[in-house]
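A.B. asks: Dropping a structure here in structure tokens format, bear with me for questions.
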Amino acid sequence: MKLILLAAPGAGKGTQAEKLSEHFNIPTISTGAILRKNIKDETELGKIAAEYINDGKLIPDDVMISVMADRLGEDDCKNGFILDGFPRTLAQAEALSASSIQIDKVLMIDVADEKIIKRLSGRLECEKCATTYHKDFRPPAKDGVCDKCGGNLTVRKDDKPETVKERLNTYHTQTEPLIEYYKNIGILRVAKGQEEIVDTTKEVLKALEA
Ligand code: AMP
């Protein structure tokens, strides 16, 4: 299964990607996680990415397309993958369509902006393994500590309220047109985001069966 997850920032895309990864036993490729790792490691890509991410803007298409061409060519992607965060623009989607990779389905998780703003304030991320938590909706067993690896939980720099507004704006203007693009190709499926993560996963799996 080669799947794209499409959703506004904070709509639960990363969490659902993790669930689907376990369910289908295929890797999740998260562009945000790749970029944040590069920023942390101070690579050339990281230096470029930092200029954009912290302002809630998208990294230029040519950079992202080249990063993903390399990543999707790796061995672990042969039997399928879940794309979390790519494509995010029409140019990226067209580059993917023009490649030899055949995407099976595009799943859009539909969550209203007001809910997203509420969810992003309170989101926590593990510094080590990038698992996400939420202080109210998905708290770790021990405050400030990752359940999976024991790493430190922190608030992402781009989860600050001003940046969240800009990221939502970027989503509506640059990523939302992909919904129409994939609907026209006939591979779009839509799941309504629910209050509880498990309920959203049920909706997601149901939408993927269609
Ligand atoms: P995410 O963790 O998916 O919310 O991504 C965090 C940030 O990384 C985004 O706000 C963008 O600045 C950048 N980013 C992630 N994926 C892409 C992409 N496909 N194209 C451009 N920028 C991206």
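Going by the structure tokens order, chains are called A, B, ..., each with residues numbered from 1, while ligands are numbered from 1 in the order shown.
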DSSP on the backbone: what in range 21-147 of chain A comes out strand (DSSP E), as a list in words?

C.D. replies: Thr28, Ile29, Ser30, Phe81, Ile82, Leu83, Asp84, Lys105, Val106, Leu107, Met108, Ile109, Asp110, Arg123, Leu124, Glu125, Cys126, Thr132, Tyr133 and His134 of chain A

A.B. asks: Can you tell me, as a PyMOL selection string, what residues are no more than 8 Å from Leu120 in chain A when counting only C-alpha atoms, ignoring any on the same chain fewer than 6 positions away?

C.D. replies: chain A and resi 10+159+164

A.B. asks: So, counting only C-alpha atoms, which residue among A:Leu96, A:Leu153, A:Leu35, A:Ile116 is closest to Gly12 in chain A?

C.D. replies: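 Closest residue, counting only C-alpha atoms: A:Ile116.
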
A.B. asks: List all protein, DNA and RNA residues that have any atom at most 8 Å from ligand 1, counting only C-alpha atoms and all ligand atoms, and write the list as a PyMOL selection string.

C.D. replies: chain A and resi 9-10+14+30-33+35-36+49+52-61+64-65+84-89+92+158+167

A.B. asks: Can you list every residue in range 17-160 of chain A that DSSP puts in helix (DSSP H, G or I), as an NGL selection string?

C.D. replies: :A and (17-24 or 31-40 or 44-53 or 61-72 or 75-77 or 90-98 or 113-120 or 157-159)

A.B. asks: Near range 184-187 of chain A, within 12 Å and counting only C-alpha atoms, which residues show up once chain neighbours fewer than 5 positions away are dropped, as a VMD selection string?

C.D. replies: chain A and resid 2 to 5 93 to 94 97 102 to 108 177 to 179 207 to 210

A.B. asks: Near Ser100 in chain A, counting only C-alpha atoms, which residues have an atom at most 12 Å away, once you skip same-chain residues fewer than 6 positions from it, shown as a list in words?

C.D. replies: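 Final neighbour list, sorted by chain and number: Ala69, Leu72, Gly73 and Glu94 of chain A.
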
A.B. asks: Tell me which of A:Arg71, A:Lys202, A:Arg119, A:His23 sits closest to Leu83 in chain A, counting only C-alpha atoms.

C.D. replies: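 Ranking A:Arg71, A:Lys202, A:Arg119, A:His23 by distance to Leu83 in chain A, first place goes to A:Arg71.
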
A.B. asks: With only C-alpha atoms as the counted atoms, please give the residues lying no more than 6 Å from Phe81 in chain A, apart from itself and same-chain residues fewer than 4 positions off, as a ChimeraX atom specification.

C.D. replies: /A:2,26-28,77

A.B. asks: Once you have the residues from the selection above, write them out as a PDB file, in the first residue's frame, restricted to N, CA, C and O atoms.

C.D. replies:
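Okay, selection_19.pdb is ready:
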ATOM      1  N   LYS A   2       0.694   2.082  -1.007  1.00  0.00           N
ATOM      2  CA  LYS A   2       1.419   3.357  -1.058  1.00  0.00           C
ATOM      3  C   LYS A   2       0.395   4.466  -0.838  1.00  0.00           C
ATOM      4  O   LYS A   2      -0.486   4.691  -1.659  1.00  0.00           O
ATOM      5  N   ILE A  26       4.128  -1.082   7.309  1.00  0.00           N
ATOM      6  CA  ILE A  26       4.921  -0.354   6.327  1.00  0.00           C
ATOM      7  C   ILE A  26       5.442   0.940   6.976  1.00  0.00           C
ATOM      8  O   ILE A  26       4.845   1.405   7.943  1.00  0.00           O
ATOM      9  N   PRO A  27       6.559   1.473   6.494  1.00  0.00           N
ATOM     10  CA  PRO A  27       7.117   2.655   7.168  1.00  0.00           C
ATOM     11  C   PRO A  27       6.340   3.937   6.914  1.00  0.00           C
ATOM     12  O   PRO A  27       5.689   4.075   5.873  1.00  0.00           O
ATOM     13  N   THR A  28       6.424   4.835   7.877  1.00  0.00           N
ATOM     14  CA  THR A  28       5.898   6.187   7.689  1.00  0.00           C
ATOM     15  C   THR A  28       7.071   7.075   7.311  1.00  0.00           C
ATOM     16  O   THR A  28       8.113   7.036   7.964  1.00  0.00           O
ATOM     17  N   CYS A  77      11.141   1.206   1.395  1.00  0.00           N
ATOM     18  CA  CYS A  77       9.910   1.734   0.782  1.00  0.00           C
ATOM     19  C   CYS A  77       9.364   0.806  -0.303  1.00  0.00           C
ATOM     20  O   CYS A  77       8.293   1.083  -0.865  1.00  0.00           O
TER      21      CYS A  77
END

A.B. asks: Which distance in Å separates CA of Val145 in chain A and CA of Ile197 in chain A, to one decimal?

C.D. replies: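 Separation of CA of Val145 in chain A and CA of Ile197 in chain A: 20.1 Å.
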
A.B. asks: Gly144 in chain A: which residues within 10 Å, counting only C-alpha atoms, same-chain residues fewer than 6 positions away excluded, as a short mmCIF file (atom, residue, chain, number, x, y, z; two decimals) with all heavy atoms, in the first residue's frame?

C.D. replies:
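Below you can see around_13.cif, which holds the result:
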data_model
loop_
_atom_site.label_atom_id
_atom_site.label_comp_id
_atom_site.auth_asym_id
_atom_site.auth_seq_id
_atom_site.Cartn_x
_atom_site.Cartn_y
_atom_site.Cartn_z
N LEU A 124 3.08 18.10 22.40
CA LEU A 124 4.45 17.89 22.86
C LEU A 124 5.12 16.88 21.95
O LEU A 124 4.45 16.00 21.40
CB LEU A 124 4.44 17.31 24.29
CG LEU A 124 3.82 18.20 25.36
CD1 LEU A 124 3.50 17.37 26.60
CD2 LEU A 124 4.76 19.34 25.71
N GLU A 125 6.42 17.01 21.79
CA GLU A 125 7.12 16.06 20.91
C GLU A 125 8.38 15.56 21.60
O GLU A 125 9.08 16.34 22.26
CB GLU A 125 7.48 16.76 19.60
CG GLU A 125 7.99 15.78 18.56
CD GLU A 125 8.41 16.48 17.28
OE1 GLU A 125 9.45 17.15 17.30
OE2 GLU A 125 7.69 16.35 16.28
N CYS A 126 8.68 14.28 21.39
CA CYS A 126 9.90 13.71 21.97
C CYS A 126 11.11 14.21 21.18
O CYS A 126 11.16 14.10 19.97
CB CYS A 126 9.84 12.19 21.94
SG CYS A 126 11.40 11.47 22.51
N TYR A 133 2.71 13.79 21.59
CA TYR A 133 1.77 13.65 22.70
C TYR A 133 0.95 14.93 22.77
O TYR A 133 1.24 15.91 22.06
CB TYR A 133 2.54 13.48 24.03
CG TYR A 133 3.36 12.22 24.07
CD1 TYR A 133 4.65 12.19 23.53
CD2 TYR A 133 2.86 11.06 24.63
CE1 TYR A 133 5.41 11.03 23.54
CE2 TYR A 133 3.61 9.89 24.65
CZ TYR A 133 4.88 9.89 24.11
OH TYR A 133 5.61 8.74 24.13
N LYS A 135 -0.93 17.35 25.99
CA LYS A 135 -1.08 17.38 27.45
C LYS A 135 -2.47 16.96 27.91
O LYS A 135 -2.61 16.40 28.98
CB LYS A 135 -0.63 18.73 28.03
CG LYS A 135 -1.47 19.91 27.69
CD LYS A 135 -0.90 21.12 28.42
CE LYS A 135 -1.52 22.43 28.04
NZ LYS A 135 -2.96 22.55 28.07
N GLY A 150 11.88 7.23 26.56
CA GLY A 150 12.37 7.93 27.75
C GLY A 150 12.95 9.30 27.46
O GLY A 150 13.48 9.96 28.35
N GLY A 151 12.85 9.73 26.18
CA GLY A 151 13.39 11.05 25.78
C GLY A 151 12.59 12.20 26.41
O GLY A 151 11.49 12.00 26.94
N ASN A 152 13.18 13.39 26.29
CA ASN A 152 12.56 14.61 26.83
C ASN A 152 11.43 15.08 25.93
O ASN A 152 11.59 15.15 24.72
CB ASN A 152 13.63 15.70 26.80
CG ASN A 152 13.77 16.33 28.14
OD1 ASN A 152 13.03 16.02 29.06
ND2 ASN A 152 14.74 17.23 28.24
N LEU A 153 10.28 15.49 26.48
CA LEU A 153 9.19 16.03 25.65
C LEU A 153 9.26 17.55 25.65
O LEU A 153 9.38 18.17 26.71
CB LEU A 153 7.84 15.57 26.19
CG LEU A 153 7.62 14.06 26.25
CD1 LEU A 153 6.19 13.76 26.70
CD2 LEU A 153 7.90 13.41 24.91
N THR A 154 9.19 18.15 24.44
CA THR A 154 9.25 19.61 24.33
C THR A 154 8.15 20.11 23.39
O THR A 154 7.58 19.33 22.63
CB THR A 154 10.60 20.10 23.75
OG1 THR A 154 10.82 19.40 22.54
CG2 THR A 154 11.75 19.89 24.70
#

A.B. asks: One decimal, in Å: what's the spacing between CA of Thr15 in chain A and CA of Thr132 in chain A?

C.D. replies: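 Computed distance, CA of Thr15 in chain A to CA of Thr132 in chain A, equals 7.1 Å.
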
A.B. asks: Expressed in Å to a single decimal, how great is the separation between CA of Phe24 in chain A and CA of Gln194 in chain A?

C.D. replies: 21.3 Å

A.B. asks: Could you tell me which of A:Gly46, A:Lys118, A:Glu176, A:Ser66 comes closest to Ile34 in chain A if we count only C-alpha atoms?

C.D. replies: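 Using only C-alpha atoms, Ile34 in chain A sits closest to A:Gly46.
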
A.B. asks: Which residue is closest to Ile117 in chain A? Choose from A:Met1, A:Leu6, A:Leu168, A:Ala17 and count only C-alpha atoms.

C.D. replies: A:Leu168
